[in-house]
$ cat target.cif   # mmCIF, C-alpha atoms
data_run
loop_
_atom_site.label_atom_id
_atom_site.label_comp_id
_atom_site.auth_asym_id
_atom_site.auth_seq_id
_atom_site.Cartn_x
_atom_site.Cartn_y
_atom_site.Cartn_z
CA MET A 1140 160.82 124.25 74.23
CA VAL A 1141 159.21 121.00 75.30
CA ASN A 1142 158.79 120.47 79.01
CA ILE A 1143 160.24 117.01 79.61
CA ASN A 1144 160.91 117.43 83.31
CA ILE A 1145 158.32 114.88 84.34
CA LEU A 1146 159.62 114.65 87.90
CA LYS A 1147 158.41 118.11 88.84
CA SER A 1148 155.08 119.86 88.63
CA ALA A 1149 154.46 121.16 85.17
CA PRO A 1150 152.77 124.46 84.45
CA ASP A 1151 149.09 124.34 83.62
CA PRO A 1152 148.75 123.73 79.90
CA VAL A 1153 146.71 126.02 77.73
CA GLU A 1154 143.15 124.73 77.43
CA PRO A 1155 142.72 123.68 73.79
CA ARG A 1156 140.31 125.72 71.74
CA GLU A 1157 141.06 124.16 68.37
CA PRO A 1158 140.08 120.68 67.16
CA HIS A 1159 143.76 119.74 67.05
CA PRO A 1160 145.85 122.19 69.03
CA PHE A 1161 148.89 120.15 68.08
CA SER A 1162 149.62 117.05 66.03
CA PRO A 1163 152.93 115.59 67.21
CA ASP A 1164 155.25 114.32 64.48
CA TRP A 1165 156.07 110.65 64.85
CA ARG A 1166 158.40 108.10 63.31
CA VAL A 1167 157.75 104.36 63.36
CA THR A 1168 160.10 101.51 62.50
CA ILE A 1169 158.90 98.10 61.47
CA GLY A 1170 161.97 96.05 60.81
CA PRO A 1171 164.07 97.99 58.28
CA VAL A 1172 161.16 100.16 57.16
CA ILE A 1173 160.61 103.68 58.52
CA PHE A 1174 157.27 105.46 58.44
CA THR A 1175 156.61 109.07 59.38
CA GLY A 1176 153.49 111.09 60.02
CA ASP A 1177 151.80 113.35 62.54
CA GLY A 1178 148.87 113.11 64.91
CA ILE A 1179 147.30 109.68 65.08
CA LEU A 1180 148.77 106.74 63.18
CA SER A 1181 148.34 106.63 59.43
CA LYS A 1182 146.17 103.85 58.10
CA GLU A 1183 149.23 102.19 56.59
CA VAL A 1184 150.99 101.96 59.96
CA TRP A 1185 147.76 101.14 61.81
CA ALA A 1186 147.37 98.04 59.66
CA GLN A 1187 150.77 96.83 60.92
CA LYS A 1188 150.43 98.12 64.47
CA ASP A 1189 151.31 94.81 66.10
CA LEU A 1190 154.62 94.67 64.20
CA ILE A 1191 155.97 98.06 65.33
CA ASP A 1192 159.48 97.94 66.77
CA THR A 1193 159.93 101.56 67.80
CA PHE A 1194 157.63 104.58 68.02
CA GLU A 1195 159.17 108.03 68.33
CA LEU A 1196 157.61 111.42 68.95
CA LEU A 1197 159.60 114.19 67.33
CA PHE A 1198 159.43 117.55 69.08
CA LYS A 1199 161.65 120.55 68.44
CA GLY A 1200 163.84 120.11 71.49
CA VAL A 1201 163.49 116.41 72.20
CA THR A 1202 162.68 113.04 70.71
CA VAL A 1203 160.77 110.55 72.83
CA LYS A 1204 161.29 106.95 71.83
CA LEU A 1205 159.28 103.92 72.87
CA ASP A 1206 160.95 100.61 72.11
CA LEU A 1207 158.19 98.02 71.90
CA ARG A 1208 160.71 95.19 71.84
CA ASN A 1209 161.39 95.69 75.54
CA GLY A 1210 159.03 98.46 76.73
CA SER A 1211 161.76 101.03 77.37
CA ILE A 1212 161.03 104.73 76.99
CA TRP A 1213 163.84 107.15 76.15
CA PHE A 1214 163.94 110.92 76.18
CA CYS A 1215 166.57 112.21 73.75
CA PRO A 1216 167.12 115.99 74.14
CA TYR A 1217 168.54 117.61 71.04
CA GLY A 1218 172.33 117.61 71.23
CA ALA A 1219 172.44 115.64 74.49
CA GLU A 1220 172.71 112.04 75.56
CA PRO A 1221 169.48 109.97 75.49
CA GLN A 1222 167.97 109.34 78.92
CA CYS A 1223 166.14 106.10 79.63
CA GLN A 1224 163.13 107.24 81.64
CA HIS A 1225 161.60 103.83 82.11
CA HIS A 1226 162.52 100.21 81.53
CA PRO A 1227 160.05 97.57 82.76
CA ASN A 1228 162.72 94.82 82.89
CA LEU A 1229 160.31 92.10 81.86
CA PRO A 1230 161.13 88.77 80.16
CA ARG A 1231 162.48 88.98 76.62
CA ASP A 1232 159.39 87.46 75.03
CA THR A 1233 156.98 89.98 76.60
CA LYS A 1234 154.71 91.47 73.95
CA PHE A 1235 154.23 95.23 74.28
CA ARG A 1236 151.45 96.93 72.37
CA LEU A 1237 151.60 100.57 71.45
CA ILE A 1238 149.17 102.97 73.08
CA TRP A 1239 148.79 106.14 71.04
CA PHE A 1240 145.47 107.95 70.92
CA ARG A 1241 143.97 111.39 71.33
CA ARG A 1242 141.10 112.21 73.67
CA MET A 1243 138.41 114.35 72.10
CA ARG A 1244 135.87 116.35 74.09
CA LYS A 1245 132.82 118.53 73.53
CA GLU A 1246 130.67 120.37 76.04
CA MET A 1247 126.97 120.96 75.48
CA PHE A 1248 125.22 123.63 77.47
CA THR A 1249 121.52 123.55 78.14
CA GLU A 1250 119.66 126.68 77.04
CA ASP A 1251 122.33 127.31 74.37
CA LYS A 1252 122.70 126.25 70.77
CA ASN A 1253 125.81 124.11 70.70
CA THR A 1254 127.54 124.09 67.34
CA ALA A 1255 131.18 123.83 68.40
CA ALA A 1256 133.20 120.88 67.16
CA PHE A 1257 134.98 118.37 69.37
CA GLU A 1258 138.39 119.48 70.64
CA CYS A 1259 141.54 117.48 71.40
CA LEU A 1260 142.22 117.42 75.14
CA TYR A 1261 145.40 115.38 75.13
CA TYR A 1262 147.24 112.41 73.65
CA GLY A 1263 147.88 109.15 75.48
CA PHE A 1264 151.30 107.61 74.83
CA GLY A 1265 152.77 104.38 76.15
CA TRP A 1266 152.51 100.62 76.08
CA GLN A 1267 150.23 97.84 77.29
CA THR A 1268 151.08 94.24 78.03
CA THR A 1269 149.70 91.26 79.92
CA ILE A 1270 151.58 89.97 82.97
CA ASN A 1271 150.24 86.91 84.77
CA GLY A 1272 146.90 87.37 83.09
CA LYS A 1273 146.57 91.00 84.14
CA ASN A 1274 146.71 93.98 81.78
CA GLU A 1275 149.48 96.41 82.65
CA ARG A 1276 149.91 99.86 81.10
CA PHE A 1277 152.58 102.50 81.36
CA GLY A 1278 152.95 105.85 79.71
CA TYR A 1279 152.21 109.53 79.69
CA THR A 1280 149.53 112.03 78.94
CA ILE A 1281 150.73 114.68 76.51
CA LYS A 1282 148.89 117.98 76.70
CA PRO A 1283 149.35 120.98 74.41
CA ASP A 1284 151.30 123.80 75.98
CA SER A 1285 151.30 127.47 75.10
CA GLN A 1286 153.76 126.86 72.28
CA LYS A 1287 151.69 124.07 70.82
CA GLU A 1288 154.28 121.47 71.67
CA GLY A 1289 153.66 118.77 74.24
CA SER A 1290 153.94 118.73 78.00
CA PHE A 1291 154.38 115.25 79.42
CA TYR A 1292 152.51 114.14 82.52
CA PRO A 1293 153.22 110.72 84.03
CA GLY A 1294 150.30 108.37 84.14
CA LEU A 1295 148.25 106.99 81.33
CA PRO A 1296 144.50 107.72 81.30
CA ASN A 1297 142.05 105.01 80.43
CA GLY A 1298 141.86 104.58 76.68
CA GLY A 1299 143.83 103.32 73.74
CA GLU A 1300 144.32 99.57 73.60
CA MET B 981 141.48 115.39 58.85
CA ALA B 982 139.75 114.29 62.02
CA ALA B 983 136.79 111.98 62.14
CA THR B 984 133.42 113.68 61.82
CA VAL B 985 130.95 112.91 64.58
CA GLN B 986 127.61 114.24 65.75
CA LEU B 987 124.85 113.49 68.20
CA ASN B 988 121.42 112.35 67.02
CA GLU B 989 118.12 112.21 68.87
CA TYR B 990 115.28 109.73 68.33
CA ASN B 991 111.62 110.52 68.93
CA GLY B 992 108.12 109.25 68.41
CA VAL B 993 106.61 105.88 67.67
CA GLY B 994 108.58 105.53 64.47
CA THR B 995 112.00 106.28 66.01
CA THR B 996 112.28 109.49 64.00
CA GLU B 997 115.94 110.43 63.76
CA THR B 998 117.15 114.01 64.00
CA THR B 999 120.83 114.24 63.16
CA GLY B 1000 123.32 116.74 64.50
CA ILE B 1001 121.23 118.01 67.40
CA SER B 1002 122.31 121.33 68.85
CA ASN B 1003 121.07 120.76 72.39
CA ILE B 1004 119.87 118.01 74.70
CA ASN B 1005 117.40 120.07 76.73
CA PHE B 1006 114.73 118.25 78.66
CA GLY B 1007 111.08 119.28 78.56
CA ASN B 1008 107.43 118.32 78.45
CA SER B 1009 107.59 117.32 74.80
CA ASP B 1010 109.05 114.46 72.80
CA THR B 1011 110.91 116.83 70.49
CA PRO B 1012 114.57 117.36 69.63
CA ASN B 1013 116.34 120.70 70.11
CA LEU B 1014 113.85 121.79 72.76
CA THR B 1015 113.38 125.31 74.03
CA PRO B 1016 112.73 124.58 77.73
CA SER B 1017 110.66 127.72 78.32
CA SER B 1018 108.21 126.49 75.70
CA THR B 1019 107.88 123.02 77.22
CA PRO B 1020 108.01 123.45 81.01
CA ILE B 1021 107.85 120.46 83.31
CA THR B 1022 105.32 120.61 86.13
CA ALA B 1023 106.84 120.13 89.59
CA GLY B 1024 106.48 116.49 90.55
CA ALA B 1025 106.53 115.33 86.94
CA ASN B 1026 109.26 114.03 84.65
CA SER B 1027 110.56 115.11 81.29
CA TYR B 1028 109.97 113.01 78.23
CA ILE B 1029 112.67 110.36 78.04
CA LYS B 1030 115.45 111.24 75.62
CA TYR B 1031 117.21 108.77 73.34
CA ILE B 1032 120.56 109.93 71.95
CA LYS B 1033 123.18 108.24 69.79
CA PHE B 1034 126.78 109.14 69.00
CA ASP B 1035 127.08 109.07 65.22
CA LEU B 1036 130.37 108.67 63.34
CA THR B 1037 129.64 110.04 59.87
CA ASN B 1038 133.15 110.06 58.41
CA LEU B 1039 136.16 108.17 59.78
CA SER B 1040 138.46 110.16 57.45
CA THR B 1041 142.13 109.56 58.33
CA SER B 1042 141.29 108.10 61.74
CA ASN B 1043 141.38 104.38 62.39
CA LYS B 1044 139.12 103.76 65.36
CA ILE B 1045 136.78 105.53 67.73
CA ASP B 1046 136.08 104.08 71.19
CA ASN B 1047 135.94 104.76 74.94
CA LEU B 1048 132.77 106.84 74.74
CA GLN B 1049 132.03 108.84 77.91
CA PHE B 1050 129.19 111.16 78.90
CA TYR B 1051 128.65 113.06 82.14
CA LYS B 1052 127.21 116.24 83.62
CA SER B 1053 130.24 118.42 84.25
CA ALA B 1054 128.54 121.54 85.59
CA GLY B 1055 125.21 122.89 86.79
CA ALA B 1056 123.83 122.26 90.26
CA TYR B 1057 120.44 120.63 90.65
CA VAL B 1058 117.67 122.57 92.35
CA THR B 1059 115.61 120.95 95.09
CA GLY B 1060 114.06 117.68 93.94
CA GLU B 1061 115.71 117.72 90.51
CA GLY B 1062 117.72 114.82 89.16
CA ILE B 1063 118.58 112.95 85.99
CA GLN B 1064 118.33 109.20 85.51
CA CYS B 1065 120.27 107.58 82.66
CA SER B 1066 121.59 104.36 81.16
CA LEU B 1067 125.26 105.33 81.63
CA ARG B 1068 127.40 102.90 83.62
CA THR B 1069 131.03 101.72 83.63
CA SER B 1070 130.26 98.09 84.48
CA SER B 1071 127.48 95.52 84.11
CA TYR B 1072 126.45 97.39 80.99
CA ALA B 1073 123.34 96.53 79.00
CA ALA B 1074 122.42 98.57 75.94
CA PRO B 1075 119.04 100.26 76.40
CA SER B 1076 116.28 99.51 73.92
CA TYR B 1077 114.13 102.15 72.29
CA ALA B 1078 110.53 102.65 73.33
CA THR B 1079 108.22 105.51 72.39
CA PRO B 1080 109.33 108.29 74.74
CA ALA B 1081 106.99 109.04 77.60
CA THR B 1082 107.09 110.79 80.95
CA THR B 1083 106.72 107.58 82.94
CA THR B 1084 109.34 107.49 85.68
CA TYR B 1085 112.54 105.85 84.45
CA THR B 1086 114.83 104.32 87.06
CA ASP B 1087 118.35 103.21 86.19
CA GLN B 1088 121.59 105.07 86.96
CA THR B 1089 122.09 108.53 88.40
CA MET B 1090 123.70 110.84 85.86
CA PRO B 1091 127.45 110.96 86.65
CA THR B 1092 128.66 114.37 87.69
CA SER B 1093 132.37 113.83 87.09
CA ASP B 1094 134.60 112.20 84.50
CA PRO B 1095 133.79 108.48 84.74
CA GLY B 1096 137.38 107.59 83.89
CA ALA B 1097 136.25 104.79 81.58
CA ALA B 1098 133.68 104.16 78.87
CA ASN B 1099 130.13 104.46 80.18
CA TRP B 1100 128.26 104.59 76.84
CA GLY B 1101 128.42 101.43 74.77
CA ILE B 1102 129.05 100.70 71.13
CA ALA B 1103 127.71 97.48 69.62
CA THR B 1104 126.23 96.59 73.05
CA SER B 1105 129.62 96.67 74.78
CA LEU B 1106 131.64 99.26 76.68
CA SER B 1107 134.72 97.91 74.90
CA GLY B 1108 133.04 98.28 71.52
CA SER B 1109 134.46 100.55 68.84
CA LEU B 1110 133.69 102.14 65.50
CA THR B 1111 136.11 101.44 62.65
CA ALA B 1112 133.72 102.67 59.97
CA THR B 1113 130.73 104.99 59.87
CA GLY B 1114 128.15 103.94 62.39
CA LYS B 1115 126.44 104.75 65.64
CA SER B 1116 126.74 103.98 69.31
CA ASP B 1117 124.08 102.34 71.43
CA TYR B 1118 121.25 104.51 72.67
CA LEU B 1119 121.87 106.77 75.64
CA LYS B 1120 118.61 106.97 77.55
CA MET B 1121 117.99 109.89 79.94
CA GLN B 1122 115.18 111.54 81.85
CA LEU B 1123 115.07 114.66 84.04
CA GLN B 1124 112.88 114.15 87.09
CA THR B 1125 111.40 116.55 89.63
CA THR B 1126 109.42 116.34 92.86
CA VAL B 1127 106.63 118.47 94.29
CA SER B 1128 109.37 120.26 96.23
CA THR B 1129 111.05 121.50 93.08
CA PRO B 1130 110.64 125.30 93.06
CA PRO B 1131 108.99 127.08 90.12
CA GLY B 1132 111.07 128.82 87.49
CA ASN B 1133 114.18 127.91 85.55
CA VAL B 1134 116.52 125.22 86.78
CA ASN B 1135 120.24 125.95 86.65
CA GLN B 1136 121.99 125.69 83.32
CA LYS B 1137 123.74 122.35 82.91
CA THR B 1138 126.89 121.38 81.01
CA PHE B 1139 127.13 117.90 79.57
CA THR B 1140 130.54 116.65 78.45
CA ILE B 1141 131.04 114.02 75.77
CA GLU B 1142 134.47 112.42 75.28
CA TYR B 1143 135.88 109.70 73.07
CA ASP B 1144 139.24 108.37 71.97
CA GLU B 1145 140.45 108.58 68.43
CA GLN B 1146 143.22 106.32 67.17
#
$ encode --input "target.cif" --output "C-alpha cells"
Amino acid sequence: MVNINILKSAPDPVEPREPHPFSPDWRVTIGPVIFTGDGILSKEVWAQKDLIDTFELLFKGVTVKLDLRNGSIWFCPYGAEPQCQHHPNLPRDTKFRLIWFRRMRKEMFTEDKNTAAFECLYYGFGWQTTINGKNERFGYTIKPDSQKEGSFYPGLPNGGE
Amino acid sequence: MAATVQLNEYNGVGTTETTGISNINFGNSDTPNLTPSSTPITAGANSYIKYIKFDLTNLSTSNKIDNLQFYKSAGAYVTGEGIQCSLRTSSYAAPSYATPATTTYTDQTMPTSDPGAANWGIATSLSGSLTATGKSDYLKMQLQTTVSTPPGNVNQKTFTIEYDEQ
C-alpha cells in the first residue's frame, strides 16, 4: 500500500541496497498519444519532453498525476475520487517543465576495496517554471518503502531540470 | 538498464589514467588504489595530490547524467588533519592537471555534509551534464597534516558520490 498521506510524518523508508530498489511505472500523454514505461523516461519520451501534457505515476493503490498544462498535481486512490493536492493557480500561458529524475549514490570507504555499484536513493517528481525571472519548483521526493513502492515526501531536492 | 559509471584516477607526468579505481586513499605516493600503511605520510607533510574524474562509460537507457556531488560523509579528522579540494557550489572553476606533488594545495575545505547542489563540474560548469559517454572535470584533493598530527592510523573516512540520472 502506498503511503500518500503527505501531511503527516511518514515512516522511515528502507535504505536501498539494490541499484534500483523500485522503478515506478509511469504513463505520459502528448496530445492524443499515450506512452508508458517505468523508472526514468524512455528515450522516445525524453526527446519530446517539452511537449508532455500529463505525467502519471502508477502505483498499486494510487495514481499520481501531474498536469503540465497548469501545474496541478492529483492523487487518485484506487476506487476513490481524485484529490487535487496542489494547484499553483498561475496564468494560463505559464510553461511547466517536468522534473523526473533519480538520485544515485555510492559510498567509498578508505582502507577498504570498494566494488559496490551506485544505488538509487530516491526519485524527484514535480515541475519547474519561471515566474518573474525566477525559477520556481514544486514536487516531492519519492523514496522506496519496505514494499518497494513509493513513499512521498513534500519538497523537491536540488536536481532534475 | 542503468547508466554505467566509474571513477578514474590520473597520475604522473603523462596523466596516466587508471579506470574504475577501488579506493581514493591518500598517501606518500602518486599511485592509484593506495594501501595507506605502505605509503605513510610524515606528520607535518601532505599527501600527493589526487586527480579523480567521474566517468560515464555507457549511458544505456538513461538520457542524462548531471548534478554531480562529492563529500566526506563520515570519519572524524585527527589533530592537524584536513583535506583540501576543488569542490564548490558556486564560483566554480575546473581545476587543471599538473604532475601530482606534495606541495601544499590551498582551495576549498572538503565538505562534510551533503552540499545540496552540484559541487563537481562537467564541461567546466556545475550545470554541465553528460548525454553520452564522457567524463567530468577533474576533482583535485590533498590530505594535509601538521606536526601535531599524532602517529599511527587516521580514522577511516567515508566519501559519498551522488549524481542525478534522467
$ residues_around --input "target.cif" --residues "A:Thr1202" --least-positions-apart "4" --cutoff "9 Å" --atoms "all atoms listed in the file" --output "number ranges by chain"
A: 1195-1198, 1213-1217, 1221
$ atom_distance --input "target.cif" --atom1 "atom CA of A:Thr1168" --atom2 "atom CA of A:Thr1193"
5.3 Å
$ closest_atom_pairs --input "target.cif" --of "chain B" --to "chain A" --cutoff "7 Å" --atoms "all atoms listed in the file" --output "JSON lines"
{"residue": "B:Ser1002", "atom": "CA", "partner": "A:Asn1253", "partner_atom": "CA", "distance": 4.8}
{"residue": "B:Asn1003", "atom": "CA", "partner": "A:Lys1252", "partner_atom": "CA", "distance": 6.0}
{"residue": "B:Ile1004", "atom": "CA", "partner": "A:Thr1249", "partner_atom": "CA", "distance": 6.7}
{"residue": "B:Asn1005", "atom": "CA", "partner": "A:Thr1249", "partner_atom": "CA", "distance": 5.6}
{"residue": "B:Thr1041", "atom": "CA", "partner": "A:Ser1181", "partner_atom": "CA", "distance": 7.0}
{"residue": "B:Asn1043", "atom": "CA", "partner": "A:Lys1182", "partner_atom": "CA", "distance": 6.5}
{"residue": "B:Asn1047", "atom": "CA", "partner": "A:Gly1298", "partner_atom": "CA", "distance": 6.2}
{"residue": "B:Gly1096", "atom": "CA", "partner": "A:Asn1297", "partner_atom": "CA", "distance": 6.4}
{"residue": "B:Ala1097", "atom": "CA", "partner": "A:Asn1297", "partner_atom": "CA", "distance": 5.9}
{"residue": "B:Gln1136", "atom": "CA", "partner": "A:Thr1249", "partner_atom": "CA", "distance": 5.6}
{"residue": "B:Lys1137", "atom": "CA", "partner": "A:Thr1249", "partner_atom": "CA", "distance": 5.4}
{"residue": "B:Thr1138", "atom": "CA", "partner": "A:Phe1248", "partner_atom": "CA", "distance": 4.5}
{"residue": "B:Phe1139", "atom": "CA", "partner": "A:Met1247", "partner_atom": "CA", "distance": 5.1}
{"residue": "B:Thr1140", "atom": "CA", "partner": "A:Glu1246", "partner_atom": "CA", "distance": 4.4}
{"residue": "B:Ile1141", "atom": "CA", "partner": "A:Lys1245", "partner_atom": "CA", "distance": 5.3}
{"residue": "B:Glu1142", "atom": "CA", "partner": "A:Arg1244", "partner_atom": "CA", "distance": 4.3}
{"residue": "B:Tyr1143", "atom": "CA", "partner": "A:Met1243", "partner_atom": "CA", "distance": 5.4}
{"residue": "B:Asp1144", "atom": "CA", "partner": "A:Arg1242", "partner_atom": "CA", "distance": 4.6}
{"residue": "B:Glu1145", "atom": "CA", "partner": "A:Arg1241", "partner_atom": "CA", "distance": 5.4}
{"residue": "B:Gln1146", "atom": "CA", "partner": "A:Phe1240", "partner_atom": "CA", "distance": 4.7}
$ atom_distance --input "target.cif" --atom1 "atom CA of A:Ile1212" --atom2 "atom CA of A:Lys1282"
18.0 Å
$ residues_near_point --input "target.cif" --point "(121.2, 111.2, 64.0)" --cutoff "9 Å" --atoms "all atoms listed in the file" --output "PyMOL selection string"
chain B and resi 986-990+997-1001+1032-1035+1115
$ write_last_selection --input "target.cif" --atoms "C-alpha atoms" --output "short mmCIF file (atom, residue, chain, number, x, y, z; two decimals), in the frame of the given file"
data_model
loop_
_atom_site.label_atom_id
_atom_site.label_comp_id
_atom_site.auth_asym_id
_atom_site.auth_seq_id
_atom_site.Cartn_x
_atom_site.Cartn_y
_atom_site.Cartn_z
CA GLN B 986 127.61 114.24 65.75
CA LEU B 987 124.85 113.49 68.20
CA ASN B 988 121.42 112.35 67.02
CA GLU B 989 118.12 112.21 68.87
CA TYR B 990 115.28 109.73 68.33
CA GLU B 997 115.94 110.43 63.76
CA THR B 998 117.15 114.01 64.00
CA THR B 999 120.83 114.24 63.16
CA GLY B 1000 123.32 116.74 64.50
CA ILE B 1001 121.23 118.01 67.40
CA ILE B 1032 120.56 109.93 71.95
CA LYS B 1033 123.18 108.24 69.79
CA PHE B 1034 126.78 109.14 69.00
CA ASP B 1035 127.08 109.07 65.22
CA LYS B 1115 126.44 104.75 65.64
#
$ atom_distance --input "target.cif" --atom1 "atom CA of A:Lys1204" --atom2 "atom CA of A:Tyr1279"
12.3 Å
$ resolve_selection --input "target.cif" --expression "the PyMOL selection byres ((chain B and resi 1050) around 8)" --output "PyMOL selection string"
chain B and resi 1048-1049+1051-1052+1067+1091+1094-1095+1099-1100+1139-1142
$ residues_near_point --input "target.cif" --point "(161.0, 93.5, 78.4)" --cutoff "9 Å" --atoms "all atoms listed in the file" --output "PyMOL selection string"
chain A and resi 1207-1211+1226-1235
$ residues_around --input "target.cif" --residues "A:Pro1160" --least-positions-apart "5" --cutoff "8 Å" --atoms "only C-alpha atoms" --output "list in words"
Pro1155, Cys1259, Pro1283 and Lys1287 of chain A
$ resolve_selection --input "target.cif" --expression "the PyMOL selection byres ((chain A and resi 1191) around 10)" --output "PyMOL selection string"
chain A and resi 1167-1170+1172-1173+1184-1185+1187-1190+1192-1194+1206-1208+1235-1237
$ residues_around --input "target.cif" --residues "stretch 982-985 of chain B" --least-positions-apart "5" --cutoff "6 Å" --atoms "all atoms listed in the file" --output "list in words"
Asp1035, Leu1036, Thr1037, Asn1038, Leu1039, Ser1040 and Ser1042 of chain B
$ closest_residue --input "target.cif" --among "B:Met1121, B:Val1134, B:Ile1045, B:Ala1078" --to "B:Ala1098" --atoms "all atoms listed in the file"
B:Ile1045
